[in-house]
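**Q** To be precise about what I am sending: the file is called work_17.cif and holds mmCIF, C-alpha atoms.
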data_query
loop_
_atom_site.label_atom_id
_atom_site.label_comp_id
_atom_site.auth_asym_id
_atom_site.auth_seq_id
_atom_site.Cartn_x
_atom_site.Cartn_y
_atom_site.Cartn_z
CA MET A 1 0.00 0.00 0.00
CA THR A 2 1.35 3.43 -0.90
CA GLN A 3 1.53 6.24 1.61
CA LEU A 4 -1.27 8.01 -0.27
CA GLU A 5 -3.49 4.93 -0.14
CA ALA A 6 -2.78 4.54 3.55
CA CYS A 7 -3.72 8.17 4.18
CA THR A 8 -6.88 7.78 2.15
CA ARG A 9 -7.88 4.71 4.15
CA LEU A 10 -7.32 6.58 7.38
CA LEU A 11 -9.76 9.23 6.21
CA ASP A 12 -12.66 6.75 6.24
CA PRO A 13 -14.00 7.11 9.77
CA TRP A 14 -15.94 3.85 9.62
CA LEU A 15 -13.02 1.68 8.60
CA ALA A 16 -11.34 -0.15 11.45
CA HIS A 17 -7.68 -1.04 11.06
CA THR A 18 -6.19 -4.08 12.66
CA VAL A 19 -3.81 -3.46 15.53
CA ARG A 20 -1.75 -5.91 17.52
CA ILE A 21 -0.84 -5.75 21.21
CA VAL A 22 2.94 -5.64 21.41
CA ASP A 23 3.16 -5.16 25.16
CA ILE A 24 0.97 -4.55 28.20
CA THR A 25 1.97 -2.47 31.21
CA ASP A 26 -0.02 -3.04 34.37
CA GLU A 27 -0.55 0.39 35.89
CA ILE A 28 -2.89 0.16 38.90
CA ALA A 29 -5.72 -2.17 39.88
CA ASP A 30 -7.97 -2.79 36.86
CA VAL A 31 -5.95 -0.39 34.70
CA ALA A 32 -3.36 -1.32 32.11
CA THR A 33 -1.63 0.41 29.22
CA TYR A 34 -1.77 -1.44 25.91
CA HIS A 35 1.07 -0.74 23.52
CA LEU A 36 -0.28 -1.30 20.02
CA GLU A 37 1.09 -1.44 16.50
CA PHE A 38 -0.79 -1.47 13.23
CA VAL A 39 -0.59 -4.81 11.44
CA ASP A 40 -0.25 -2.86 8.20
CA PRO A 41 3.00 -0.89 8.66
CA ASP A 42 1.94 1.70 6.08
CA ILE A 43 -1.08 2.58 8.20
CA GLY A 44 1.23 2.82 11.18
CA LYS A 45 3.51 5.25 9.37
CA SER A 46 0.59 7.40 8.28
CA PHE A 47 -1.25 7.44 11.56
CA SER A 48 -0.94 10.63 13.56
CA PHE A 49 -3.01 12.21 16.29
CA ARG A 50 -3.18 15.30 18.46
CA ALA A 51 -2.92 15.23 22.24
CA GLY A 52 -6.38 14.71 23.72
CA GLN A 53 -7.90 12.72 20.87
CA PHE A 54 -9.36 9.25 21.18
CA ASN A 55 -9.74 6.07 19.15
CA MET A 56 -12.59 3.61 18.91
CA LEU A 57 -11.32 0.16 19.85
CA TYR A 58 -13.36 -2.60 18.20
CA LEU A 59 -13.40 -6.13 19.55
CA PRO A 60 -15.33 -8.34 17.10
CA GLY A 61 -18.33 -9.97 18.69
CA VAL A 62 -18.09 -7.74 21.73
CA GLY A 63 -18.36 -4.11 20.68
CA GLU A 64 -16.58 -0.80 20.48
CA ALA A 65 -15.30 1.58 23.13
CA ALA A 66 -13.90 5.10 22.95
CA ILE A 67 -10.49 5.20 24.58
CA SER A 68 -8.18 8.20 24.79
CA ILE A 69 -4.71 7.91 23.33
CA SER A 70 -2.07 8.11 26.05
CA SER A 71 1.21 8.05 24.14
CA ASP A 72 3.48 10.76 22.77
CA PRO A 73 2.06 12.29 19.58
CA ALA A 74 5.60 12.44 18.24
CA GLN A 75 6.07 8.70 18.73
CA ARG A 76 5.83 6.63 15.58
CA GLY A 77 5.33 2.92 15.23
CA THR A 78 3.40 2.18 18.40
CA LEU A 79 0.40 3.71 20.06
CA ASP A 80 -0.61 3.54 23.72
CA HIS A 81 -4.03 3.30 25.29
CA THR A 82 -4.45 3.23 29.04
CA VAL A 83 -7.66 1.35 29.76
CA ARG A 84 -9.68 0.79 32.87
CA ILE A 85 -11.97 -2.21 33.05
CA ALA A 86 -15.40 -0.63 32.89
CA GLY A 87 -17.56 -2.77 30.61
CA ASN A 88 -17.69 -5.59 28.09
CA VAL A 89 -15.12 -4.22 25.65
CA THR A 90 -12.56 -3.18 28.22
CA GLY A 91 -13.19 -6.38 30.16
CA GLU A 92 -12.51 -8.48 27.07
CA LEU A 93 -9.44 -6.38 26.31
CA ALA A 94 -8.15 -7.11 29.80
CA ARG A 95 -8.25 -10.82 28.96
CA ALA A 96 -6.19 -10.32 25.79
CA GLY A 97 -2.47 -10.91 25.82
CA ASP A 98 0.54 -9.92 23.77
CA GLY A 99 -0.02 -10.62 20.09
CA ALA A 100 -3.80 -10.37 20.25
CA THR A 101 -5.37 -8.35 17.45
CA PHE A 102 -8.47 -6.18 17.26
CA GLY A 103 -9.83 -3.23 15.32
CA LEU A 104 -9.12 0.45 15.77
CA ARG A 105 -10.59 3.46 14.04
CA GLY A 106 -9.65 7.04 14.63
CA PRO A 107 -8.29 9.36 15.76
CA PHE A 108 -11.38 11.37 16.67
CA GLY A 109 -12.27 14.52 18.53
CA SER A 110 -10.71 17.76 19.58
CA ALA A 111 -7.30 18.28 21.14
CA TRP A 112 -5.76 20.08 24.09
CA PRO A 113 -5.05 23.75 23.25
CA ILE A 114 -1.29 23.44 22.93
CA GLU A 115 -0.97 26.21 20.35
CA GLU A 116 -3.28 28.53 22.29
CA ALA A 117 -1.06 28.09 25.34
CA LEU A 118 2.14 29.13 23.57
CA GLY A 119 4.20 31.64 25.49
CA GLY A 120 2.28 31.27 28.74
CA ASP A 121 2.20 29.05 31.80
CA VAL A 122 0.32 25.77 31.71
CA VAL A 123 -1.28 24.06 34.70
CA ILE A 124 -2.50 20.50 34.17
CA VAL A 125 -5.02 19.47 36.80
CA THR A 126 -6.18 15.91 36.81
CA GLY A 127 -7.30 13.05 38.96
CA GLY A 128 -7.26 9.27 38.83
CA ILE A 129 -7.25 7.81 35.35
CA GLY A 130 -7.85 11.31 33.97
CA LEU A 131 -4.09 11.59 33.62
CA ALA A 132 -4.19 9.19 30.66
CA PRO A 133 -5.69 11.62 28.10
CA LEU A 134 -3.36 14.34 29.37
CA ARG A 135 -0.15 12.34 29.09
CA PRO A 136 0.19 13.10 25.34
CA ALA A 137 -0.14 16.81 26.18
CA ILE A 138 2.57 16.46 28.83
CA TYR A 139 4.89 14.85 26.30
CA GLU A 140 4.21 17.54 23.72
CA LEU A 141 4.64 20.38 26.20
CA LEU A 142 7.94 18.92 27.38
CA ASN A 143 9.10 18.28 23.82
CA ARG A 144 8.50 21.98 23.16
CA LYS A 145 9.40 23.26 26.62
CA ASP A 146 11.13 26.39 25.35
CA GLU A 147 7.88 27.61 23.80
CA PHE A 148 6.05 27.81 27.15
CA GLY A 149 6.51 29.37 30.55
CA GLU A 150 6.11 27.37 33.76
CA LEU A 151 4.64 23.88 33.35
CA SER A 152 2.86 22.30 36.31
CA LEU A 153 1.00 19.07 36.93
CA LEU A 154 -1.40 18.86 39.88
CA TYR A 155 -2.50 15.25 40.22
CA GLY A 156 -4.93 13.74 42.69
CA ALA A 157 -5.88 10.15 43.35
CA ARG A 158 -8.12 8.27 45.73
CA ASN A 159 -5.09 6.86 47.52
CA PRO A 160 -1.38 6.37 46.81
CA PHE A 161 -2.13 3.16 44.91
CA GLY A 162 -4.35 4.94 42.40
CA MET A 163 -1.69 7.00 40.65
CA LEU A 164 -0.75 6.37 37.06
CA TYR A 165 2.70 6.55 35.45
CA THR A 166 4.53 7.16 38.74
CA SER A 167 7.80 5.93 37.25
CA GLU A 168 7.78 8.87 34.83
CA TYR A 169 7.40 11.73 37.34
CA ASP A 170 11.13 12.12 37.98
CA ASP A 171 11.83 12.36 34.27
CA TRP A 172 9.02 14.85 33.76
CA GLY A 173 10.44 16.89 36.62
CA ARG A 174 13.94 16.89 35.15
CA ARG A 175 12.53 18.06 31.83
CA GLY A 176 10.73 21.02 33.40
CA LEU A 177 7.34 19.87 34.65
CA SER A 178 6.63 20.63 38.30
CA VAL A 179 4.72 17.60 39.59
CA THR A 180 2.60 17.89 42.74
CA THR A 181 0.46 14.99 43.89
CA THR A 182 -2.22 14.55 46.52
CA VAL A 183 -4.49 11.77 47.71
CA ASP A 184 -8.00 11.86 49.10
CA ARG A 185 -7.10 9.23 51.67
CA ALA A 186 -3.68 8.64 53.08
CA SER A 187 -2.43 5.16 53.73
CA PRO A 188 0.32 4.18 56.18
CA GLY A 189 3.67 5.31 54.86
CA TRP A 190 2.30 8.08 52.64
CA ASP A 191 4.13 11.31 53.45
CA GLY A 192 2.79 13.42 50.58
CA ASN A 193 -0.16 15.77 50.38
CA VAL A 194 -3.62 14.77 51.60
CA GLY A 195 -6.67 16.57 50.24
CA VAL A 196 -8.49 17.12 46.99
CA VAL A 197 -6.71 18.35 43.90
CA PRO A 198 -8.51 21.72 43.51
CA GLN A 199 -6.87 22.71 46.81
CA LEU A 200 -3.48 22.38 45.15
CA LEU A 201 -4.56 24.93 42.56
CA ASP A 202 -5.91 27.19 45.31
CA ARG A 203 -2.47 27.58 46.82
CA MET A 204 0.00 27.18 43.98
CA PRO A 205 1.88 30.35 43.09
CA LEU A 206 0.78 31.83 39.76
CA SER A 207 3.11 34.42 38.32
CA ASP A 208 0.82 35.47 35.49
CA PRO A 209 -2.76 34.18 35.89
CA ALA A 210 -4.04 36.10 32.87
CA ASN A 211 -1.57 34.22 30.69
CA THR A 212 -2.03 30.80 32.29
CA THR A 213 -3.84 27.91 30.60
CA VAL A 214 -5.53 25.17 32.62
CA MET A 215 -6.03 21.72 31.13
CA CYS A 216 -8.22 19.55 33.32
CA CYS A 217 -9.52 15.99 33.14
CA GLY A 218 -11.21 13.89 35.78
CA PRO A 219 -14.61 13.39 37.38
CA GLU A 220 -16.91 16.26 36.38
CA VAL A 221 -17.41 17.45 39.94
CA MET A 222 -13.64 17.68 40.31
CA MET A 223 -13.36 19.63 37.04
CA TRP A 224 -16.13 22.00 38.07
CA TYR A 225 -14.41 22.85 41.34
CA THR A 226 -11.07 23.08 39.61
CA ALA A 227 -12.51 25.61 37.19
CA ARG A 228 -14.02 27.50 40.11
CA SER A 229 -10.64 27.62 41.77
CA ALA A 230 -8.94 28.72 38.54
CA LEU A 231 -11.44 31.52 38.03
CA GLY A 232 -10.92 32.58 41.61
CA ARG A 233 -7.20 32.79 40.96
CA GLY A 234 -7.74 35.15 38.04
CA ILE A 235 -7.30 32.71 35.19
CA PRO A 236 -9.55 33.82 32.29
CA PRO A 237 -12.47 31.48 31.53
CA GLU A 238 -11.36 31.14 27.92
CA ARG A 239 -8.09 29.64 29.15
CA ILE A 240 -9.72 26.81 31.10
CA TRP A 241 -10.18 23.56 29.17
CA ILE A 242 -11.74 20.29 30.26
CA SER A 243 -12.15 16.84 28.75
CA LEU A 244 -15.59 15.26 28.91
CA GLU A 245 -16.61 11.66 28.61
CA ARG A 246 -19.95 10.55 27.28
CA ASN A 247 -21.34 7.46 25.57
CA MET A 248 -19.59 7.77 22.23
CA ASN A 249 -20.75 5.36 19.55
CA CYS A 250 -20.24 6.67 16.03
CA ALA A 251 -17.43 9.08 17.04
CA ILE A 252 -18.31 11.49 14.22
CA GLY A 253 -21.38 13.31 15.51
CA LEU A 254 -24.05 11.36 13.66
CA CYS A 255 -25.69 9.04 16.17
CA GLY A 256 -26.31 11.58 18.92
CA HIS A 257 -25.49 9.26 21.81
CA CYS A 258 -22.91 11.69 23.18
CA GLN A 259 -24.95 14.84 22.68
CA PHE A 260 -24.34 17.38 25.42
CA GLY A 261 -26.71 20.26 24.84
CA PRO A 262 -25.73 21.71 21.47
CA THR A 263 -22.40 19.88 21.62
CA PHE A 264 -21.44 16.45 20.39
CA VAL A 265 -18.71 15.30 22.73
CA CYS A 266 -17.21 12.93 20.14
CA LYS A 267 -16.93 15.56 17.42
CA ASP A 268 -16.74 18.94 19.18
CA GLY A 269 -14.99 17.42 22.21
CA PRO A 270 -13.82 15.61 24.18
CA VAL A 271 -11.63 18.64 24.92
CA LEU A 272 -13.86 21.67 25.35
CA ARG A 273 -13.46 25.21 26.57
CA TYR A 274 -14.95 25.36 30.04
CA ASP A 275 -16.98 28.53 29.56
CA ARG A 276 -18.76 27.00 26.55
CA VAL A 277 -20.14 24.05 28.53
CA ALA A 278 -20.12 25.25 32.12
CA SER A 279 -23.83 25.97 32.24
CA LEU A 280 -24.60 22.36 31.33
CA LEU A 281 -22.19 20.72 33.75
CA ARG A 282 -24.48 21.25 36.71
CA VAL A 283 -27.63 20.14 34.90
CA GLU A 284 -28.82 16.72 35.99
CA GLY A 285 -29.31 14.41 33.04
CA PHE A 286 -26.62 15.89 30.84
CA MET B 1 10.98 27.11 66.68
CA THR B 2 12.79 30.32 65.87
CA GLU B 3 12.00 33.89 65.08
CA SER B 4 12.46 34.14 61.35
CA SER B 5 15.26 36.06 59.79
CA HIS B 6 15.17 34.16 56.50
CA ASN B 7 12.64 36.27 54.68
CA ASP B 8 13.41 39.67 53.25
CA ARG B 9 9.79 40.72 52.95
CA SER B 10 7.97 42.40 55.80
CA ILE B 11 4.93 40.77 57.34
CA GLY B 12 2.76 43.37 55.66
CA GLU B 13 4.22 42.56 52.26
CA GLN B 14 3.62 38.87 52.85
CA LEU B 15 0.04 39.45 53.96
CA ALA B 16 -0.55 41.25 50.66
CA THR B 17 0.21 38.06 48.72
CA LEU B 18 -1.22 35.27 50.88
CA GLN B 19 -4.66 33.98 49.97
CA PHE B 20 -6.18 34.52 53.40
CA THR B 21 -5.26 38.20 53.60
CA ALA B 22 -4.57 39.32 50.03
CA SER B 23 -8.06 40.70 49.42
CA LEU B 24 -8.29 42.57 52.72
CA PRO B 25 -8.10 46.39 52.67
CA GLU B 26 -4.56 47.63 53.12
CA SER B 27 -5.50 49.33 56.38
CA VAL B 28 -6.69 46.00 57.79
CA ARG B 29 -3.54 44.24 56.64
CA ASP B 30 -1.50 46.95 58.34
CA ALA B 31 -3.43 46.44 61.56
CA LEU B 32 -2.88 42.71 61.36
CA ALA B 33 0.81 43.13 60.61
CA GLU B 34 1.14 45.21 63.77
CA ILE B 35 0.06 42.32 65.99
CA ALA B 36 1.66 39.44 64.05
CA THR B 37 4.99 37.74 64.39
CA GLU B 38 6.80 35.63 61.87
CA ARG B 39 8.18 32.28 62.89
CA CYS B 40 9.95 29.38 61.26
CA PHE B 41 9.45 25.74 62.16
CA ALA B 42 11.48 22.70 61.28
CA ALA B 43 9.82 19.61 59.83
CA GLY B 44 8.05 17.58 62.48
CA GLU B 45 7.14 20.41 64.86
CA PHE B 46 3.66 20.57 66.32
CA LEU B 47 1.68 23.78 65.83
CA CYS B 48 -1.40 22.52 67.66
CA ARG B 49 -2.54 19.30 69.24
CA GLU B 50 -5.97 17.70 69.02
CA GLY B 51 -8.00 18.42 72.13
CA GLU B 52 -5.65 21.05 73.48
CA SER B 53 -6.22 24.78 73.54
CA THR B 54 -4.95 26.80 70.60
CA PRO B 55 -3.49 30.08 71.81
CA GLU B 56 -2.29 31.10 68.35
CA LEU B 57 -3.67 31.29 64.84
CA PHE B 58 -1.19 30.33 62.11
CA LEU B 59 -1.19 31.65 58.57
CA ILE B 60 1.21 29.53 56.52
CA ALA B 61 3.54 31.65 54.41
CA ALA B 62 5.75 28.82 53.18
CA GLY B 63 5.88 25.07 53.65
CA HIS B 64 3.20 22.56 54.60
CA VAL B 65 1.38 21.38 57.69
CA GLY B 66 -0.36 18.04 58.04
CA LEU B 67 -3.62 17.81 60.00
CA ASP B 68 -3.93 14.51 61.84
CA MET B 69 -6.75 12.98 63.84
CA LEU B 70 -6.27 10.18 66.31
CA VAL B 71 -8.30 7.09 65.48
CA PRO B 72 -8.12 4.29 68.03
CA GLY B 73 -6.61 1.24 66.44
CA ARG B 74 -5.26 3.22 63.50
CA GLY B 75 -3.19 5.84 65.23
CA GLN B 76 -2.74 9.32 63.82
CA VAL B 77 -4.54 9.53 60.47
CA ARG B 78 -3.67 12.40 58.18
CA VAL B 79 -6.86 13.99 56.89
CA LEU B 80 -5.47 17.06 55.17
CA THR B 81 -2.31 18.86 54.17
CA LEU B 82 -2.28 22.64 54.31
CA GLY B 83 0.00 24.90 52.33
CA PRO B 84 0.89 28.55 51.75
CA GLY B 85 -1.96 30.99 52.25
CA GLU B 86 -3.99 28.65 54.44
CA VAL B 87 -4.77 29.06 58.15
CA LEU B 88 -4.91 26.59 60.98
CA ALA B 89 -5.63 26.44 64.69
CA TRP B 90 -8.68 28.66 64.39
CA SER B 91 -10.57 26.97 67.22
CA ALA B 92 -10.04 29.68 69.83
CA VAL B 93 -10.78 32.48 67.37
CA VAL B 94 -14.16 30.99 66.46
CA GLY B 95 -14.97 30.05 70.05
CA ASN B 96 -14.36 26.30 69.99
CA HIS B 97 -12.79 24.56 72.94
CA GLY B 98 -9.61 22.86 71.87
CA ALA B 99 -8.13 21.97 68.51
CA THR B 100 -10.02 19.40 66.46
CA ALA B 101 -6.86 18.10 64.81
CA THR B 102 -3.15 17.94 65.40
CA GLY B 103 -1.10 20.20 63.14
CA VAL B 104 2.43 19.01 62.42
CA THR B 105 4.85 20.54 59.93
CA THR B 106 5.84 18.24 57.08
CA ASP B 107 8.69 20.41 55.85
CA GLU B 108 10.23 23.72 56.86
CA VAL B 109 7.40 26.12 57.54
CA ARG B 110 7.36 29.87 57.77
CA ALA B 111 4.18 31.17 59.37
CA ILE B 112 2.60 34.47 60.27
CA VAL B 113 1.39 33.96 63.83
CA PHE B 114 -1.37 35.79 65.69
CA GLU B 115 -1.98 35.40 69.40
CA ASP B 116 -5.66 34.59 69.66
CA HIS B 117 -6.50 36.98 72.46
CA VAL B 118 -4.68 39.84 70.73
CA LEU B 119 -6.41 39.13 67.43
CA LEU B 120 -9.81 38.89 69.12
CA SER B 121 -9.12 42.09 71.00
CA LEU B 122 -8.28 43.88 67.74
CA CYS B 123 -11.48 42.56 66.15
CA GLN B 124 -13.51 43.67 69.17
CA THR B 125 -11.90 47.09 69.33
CA SER B 126 -12.30 47.78 65.63
CA HIS B 127 -15.40 46.18 64.23
CA ASP B 128 -14.35 47.26 60.74
CA VAL B 129 -11.29 45.06 61.10
CA GLY B 130 -13.23 42.35 62.90
CA TYR B 131 -15.87 42.12 60.19
CA VAL B 132 -13.48 41.56 57.30
CA VAL B 133 -11.20 39.25 59.27
CA MET B 134 -14.11 37.07 60.34
CA ARG B 135 -15.49 37.11 56.80
CA GLU B 136 -12.16 35.84 55.48
CA LEU B 137 -12.09 33.23 58.20
CA ALA B 138 -15.58 32.15 57.18
CA LYS B 139 -14.39 31.88 53.56
CA ALA B 140 -11.46 29.76 54.67
CA ILE B 141 -13.76 27.50 56.68
CA SER B 142 -16.10 27.31 53.68
CA ARG B 143 -13.23 26.26 51.39
CA ARG B 144 -12.23 23.62 53.91
CA LEU B 145 -15.84 22.40 54.10
CA VAL B 146 -16.15 22.12 50.32
CA ALA B 147 -12.86 20.24 50.13
CA THR B 148 -14.07 17.86 52.81
CA ARG B 149 -17.30 17.28 50.88
CA LEU B 150 -15.29 16.46 47.78
CA GLN B 151 -13.27 13.97 49.81
CA LEU B 152 -16.50 12.43 51.10
CA LEU B 153 -17.85 12.08 47.56
CA ASP B 154 -14.98 9.68 46.86
CA LEU B 155 -14.99 10.78 43.23
CA PHE B 156 -12.15 8.59 42.07
CA GLU B 157 -14.03 5.47 43.05
CA GLU B 158 -16.39 6.18 40.16
CA GLN B 159 -15.55 5.58 36.54
CA SER B 160 -13.22 8.26 35.31
CA PRO B 161 -12.34 9.21 31.75
CA SER B 162 -9.96 6.80 30.13
#
Output the file's structure in the form of structure tokens.
**A**
Amino acid sequence: MTQLEACTRLLDPWLAHTVRIVDITDEIADVATYHLEFVDPDIGKSFSFRAGQFNMLYLPGVGEAAISISSDPAQRGTLDHTVRIAGNVTGELARAGDGATFGLRGPFGSAWPIEEALGGDVVIVTGGIGLAPLRPAIYELLNRKDEFGELSLLYGARNPFGMLYTSEYDDWGRRGLSVTTTVDRASPGWDGNVGVVPQLLDRMPLSDPANTTVMCCGPEVMMWYTARSALGRGIPPERIWISLERNMNCAIGLCGHCQFGPTFVCKDGPVLRYDRVASLLRVEGF
Amino acid sequence: MTESSHNDRSIGEQLATLQFTASLPESVRDALAEIATERCFAAGEFLCREGESTPELFLIAAGHVGLDMLVPGRGQVRVLTLGPGEVLAWSAVVGNHGATATGVTTDEVRAIVFEDHVLLSLCQTSHDVGYVVMRELAKAISRRLVATRLQLLDLFEEQSPS
């Protein structure tokens, strides 16, 4: 297959491409990162994505699930998805081993506002498995560190055993990302912060709030209070971005399953500007 | 515990940047600076102890303080970590009897310290000062309450985005 043919095939949003599991990293309980490669190497060479986008993973006979991409957008050859067991598809995926194949279509959706954040400070606020869709943004920000001001990660988890990618924090720190963690519940031996993650934003020093971008992903209540904290610190509403999760089926805004008011989360999101969806976040049923 | 000589900024200048006092009128910050002292604490020092009286209110300027509660069978359980701009040991100021948690420094801490009876006297003498100080204290308690609610919701137990 030529490069052009591969690109053309990638443009068909309905067409699933076969991927193979080349490795699995157990992260935390019920969460693993699947390192995938396209069976067709030409597809692999042509595939690119932006930080924050997701793929639809298709397991024949089981179904499809929308899963954020968690690898470096600059990485070629393999693609990572960090998956939590949450239903039939992810449960079946958890039973698959190295070498197993399944279908993948994508990438879909909007991306983190990397270009909009150029020249300013960036604060990433996330909790639990919400770090997975932000890891590509972390990689890209660090790859382009000179183009931004201060880079900070505020990361909360239920307890010390619920944190993803802990082995990478030192490297991120060396490359210029200030990493601060907290847990809702301390366990014996934990000597770090205790408390919810919006509190970290409440007290972190901000040298230039008006030129600071917040990228946030986690439970919606956490994101709402994070945005509230950010606004209270003087960060402009148009600089606060969140990633939403809804029941995404078609992934291209046709089926309506992920409709969120006037927004289709699969097509207009999952990354959305907070002030454009804030009024709907506190509406029961959305 | 030592009187601080490690910070070049005056207490008034620090009050102008810390969350608890930053939005207060300058005249109120000046009044507070008049009655405050600045102190440094090494890691592991106790600022207040659960059940004991709290003669001083601490405003953290730098460093962190863990709040622990004693649970029989589990020992001291850390329920919260406080950082710059946050206050602790407010029990006496709000009229409670004894601290409801033990505050222990987790790293080097620099704090702006108010003797409770002096602070209360200032608030009583000048109701203009007292009103805004108590309003800020109410905001701080409200923030702490919201944070506690979020902890109680146990949000990360639910399905999170993947």
**Q** Return as a ChimeraX atom specification the residues belonging to chain A that are within 7 Å of chain B, counting only C-alpha atoms.
**A** /A:67-68,82-84,128-130,132-133,157-158,184,186,193-196,203,218-219,245
**Q** Okay, now the selection with C-alpha atoms, as a PDB file, in the frame of the given file?
**A**
ATOM      1  CA  ILE A  67     -10.490   5.200  24.580  1.00  0.00           C
ATOM      2  CA  SER A  68      -8.180   8.200  24.790  1.00  0.00           C
ATOM      3  CA  THR A  82      -4.450   3.230  29.040  1.00  0.00           C
ATOM      4  CA  VAL A  83      -7.660   1.350  29.760  1.00  0.00           C
ATOM      5  CA  ARG A  84      -9.680   0.790  32.870  1.00  0.00           C
ATOM      6  CA  GLY A 128      -7.260   9.270  38.830  1.00  0.00           C
ATOM      7  CA  ILE A 129      -7.250   7.810  35.350  1.00  0.00           C
ATOM      8  CA  GLY A 130      -7.850  11.310  33.970  1.00  0.00           C
ATOM      9  CA  ALA A 132      -4.190   9.190  30.660  1.00  0.00           C
ATOM     10  CA  PRO A 133      -5.690  11.620  28.100  1.00  0.00           C
ATOM     11  CA  ALA A 157      -5.880  10.150  43.350  1.00  0.00           C
ATOM     12  CA  ARG A 158      -8.120   8.270  45.730  1.00  0.00           C
ATOM     13  CA  ASP A 184      -8.000  11.860  49.100  1.00  0.00           C
ATOM     14  CA  ALA A 186      -3.680   8.640  53.080  1.00  0.00           C
ATOM     15  CA  ASN A 193      -0.160  15.770  50.380  1.00  0.00           C
ATOM     16  CA  VAL A 194      -3.620  14.770  51.600  1.00  0.00           C
ATOM     17  CA  GLY A 195      -6.670  16.570  50.240  1.00  0.00           C
ATOM     18  CA  VAL A 196      -8.490  17.120  46.990  1.00  0.00           C
ATOM     19  CA  ARG A 203      -2.470  27.580  46.820  1.00  0.00           C
ATOM     20  CA  GLY A 218     -11.210  13.890  35.780  1.00  0.00           C
ATOM     21  CA  PRO A 219     -14.610  13.390  37.380  1.00  0.00           C
ATOM     22  CA  GLU A 245     -16.610  11.660  28.610  1.00  0.00           C
TER      23      GLU A 245
END
**Q** Taking the file as I've supplied it (selection: the PyMOL selection byres ((chain A and resi 151-154) around 8)), which residues are included? Please answer as a list in words.
**A** Asp121, Val122, Val123, Ile124, Val125, Thr126, Leu141, Phe148, Gly149, Glu150, Tyr155, Gly156, Gly176, Leu177, Ser178, Val179, Thr180, Thr181, Thr182, Val197, Leu200 and Leu201 of chain A
**Q** Distance atom CA of A:Val62-atom CA of A:Arg95, one decimal place?
**A** 12.6 Å
**Q** Identify all residues satisfying the PyMOL selection byres ((chain A and resi 254) around 12) in the given file; provide them as an mmCIF file with C-alpha atoms, in the coordinates of the input.
**A**
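Saved the output as expr.cif:
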data_model
loop_
_atom_site.group_PDB
_atom_site.id
_atom_site.type_symbol
_atom_site.label_atom_id
_atom_site.label_comp_id
_atom_site.auth_asym_id
_atom_site.auth_seq_id
_atom_site.Cartn_x
_atom_site.Cartn_y
_atom_site.Cartn_z
ATOM 1 C CA PRO A 13 -14.000 7.110 9.770
ATOM 2 C CA TRP A 14 -15.940 3.850 9.620
ATOM 3 C CA MET A 248 -19.590 7.770 22.230
ATOM 4 C CA ASN A 249 -20.750 5.360 19.550
ATOM 5 C CA CYS A 250 -20.240 6.670 16.030
ATOM 6 C CA ALA A 251 -17.430 9.080 17.040
ATOM 7 C CA ILE A 252 -18.310 11.490 14.220
ATOM 8 C CA GLY A 253 -21.380 13.310 15.510
ATOM 9 C CA CYS A 255 -25.690 9.040 16.170
ATOM 10 C CA GLY A 256 -26.310 11.580 18.920
ATOM 11 C CA HIS A 257 -25.490 9.260 21.810
ATOM 12 C CA CYS A 258 -22.910 11.690 23.180
ATOM 13 C CA GLN A 259 -24.950 14.840 22.680
ATOM 14 C CA THR A 263 -22.400 19.880 21.620
ATOM 15 C CA PHE A 264 -21.440 16.450 20.390
ATOM 16 C CA VAL A 265 -18.710 15.300 22.730
ATOM 17 C CA CYS A 266 -17.210 12.930 20.140
ATOM 18 C CA LYS A 267 -16.930 15.560 17.420
ATOM 19 C CA ASP A 268 -16.740 18.940 19.180
#
**Q** May I have the residues within 10 Å of B:Ser126 as a PyMOL selection string, using only C-alpha atoms and disregarding those fewer than 6 positions away in the same chain?
**A** chain B and resi 28+31+120
**Q** Please write the residues picked by the PyMOL selection byres ((chain B and resi 133) around 12) on this file as a ChimeraX atom specification.
**A** /B:20-25,27-29,31-32,93-94,119-120,122-124,126-132,134-140
**Q** Using Å and a single decimal, report how far atom CA of B:Glu50 sits from atom CA of B:Ile35.
**A** 25.5 Å
**Q** So what do you get for atom CA of A:Pro237 versus atom CA of A:Pro113, distance-wise?
**A**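 These atoms are spaced 13.5 Å apart.
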**Q** Quick one: of A:Gly173, A:Gly120, A:Phe49, A:Leu79, who's nearest to A:Leu206, counting only C-alpha atoms?
**A**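 Smallest distance to A:Leu206 is found for A:Gly120.
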**Q** Env of B:Trp90: 12 Å cut, atoms = only C-alpha atoms, seq-sep filter 5 positions within chain, self excluded. Answer as a ChimeraX atom specification.
**A** /B:47-48,53-59,95-101,103,113-117,119-120,134,136-138,140-141
**Q** Near A:Ala16, counting all atoms listed in the file, which residues have an atom at most 10 Å away, once you skip same-chain residues fewer than 6 positions from it, shown as a PyMOL selection string?
**A** chain A and resi 9-10+56-58+102-106
**Q** Quick one: residues within 12 Å of A:Ser279, all atoms listed in the file counted, chain neighbours fewer than 6 positions away excluded, as a PyMOL selection string?
**A** chain A and resi 224+260-262+273+286
**Q** Using all atoms listed in the file, which protein or nucleic acid residues come within 10 Å of A:Asn88? Drop anything in the same chain fewer than 5 positions from it, and give the result as a list in words.
**A**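 So, after excluding close chain neighbours, the residues are Leu59, Val62, Gly63, Glu64, Ala65, Leu93 and Ala94 of chain A.
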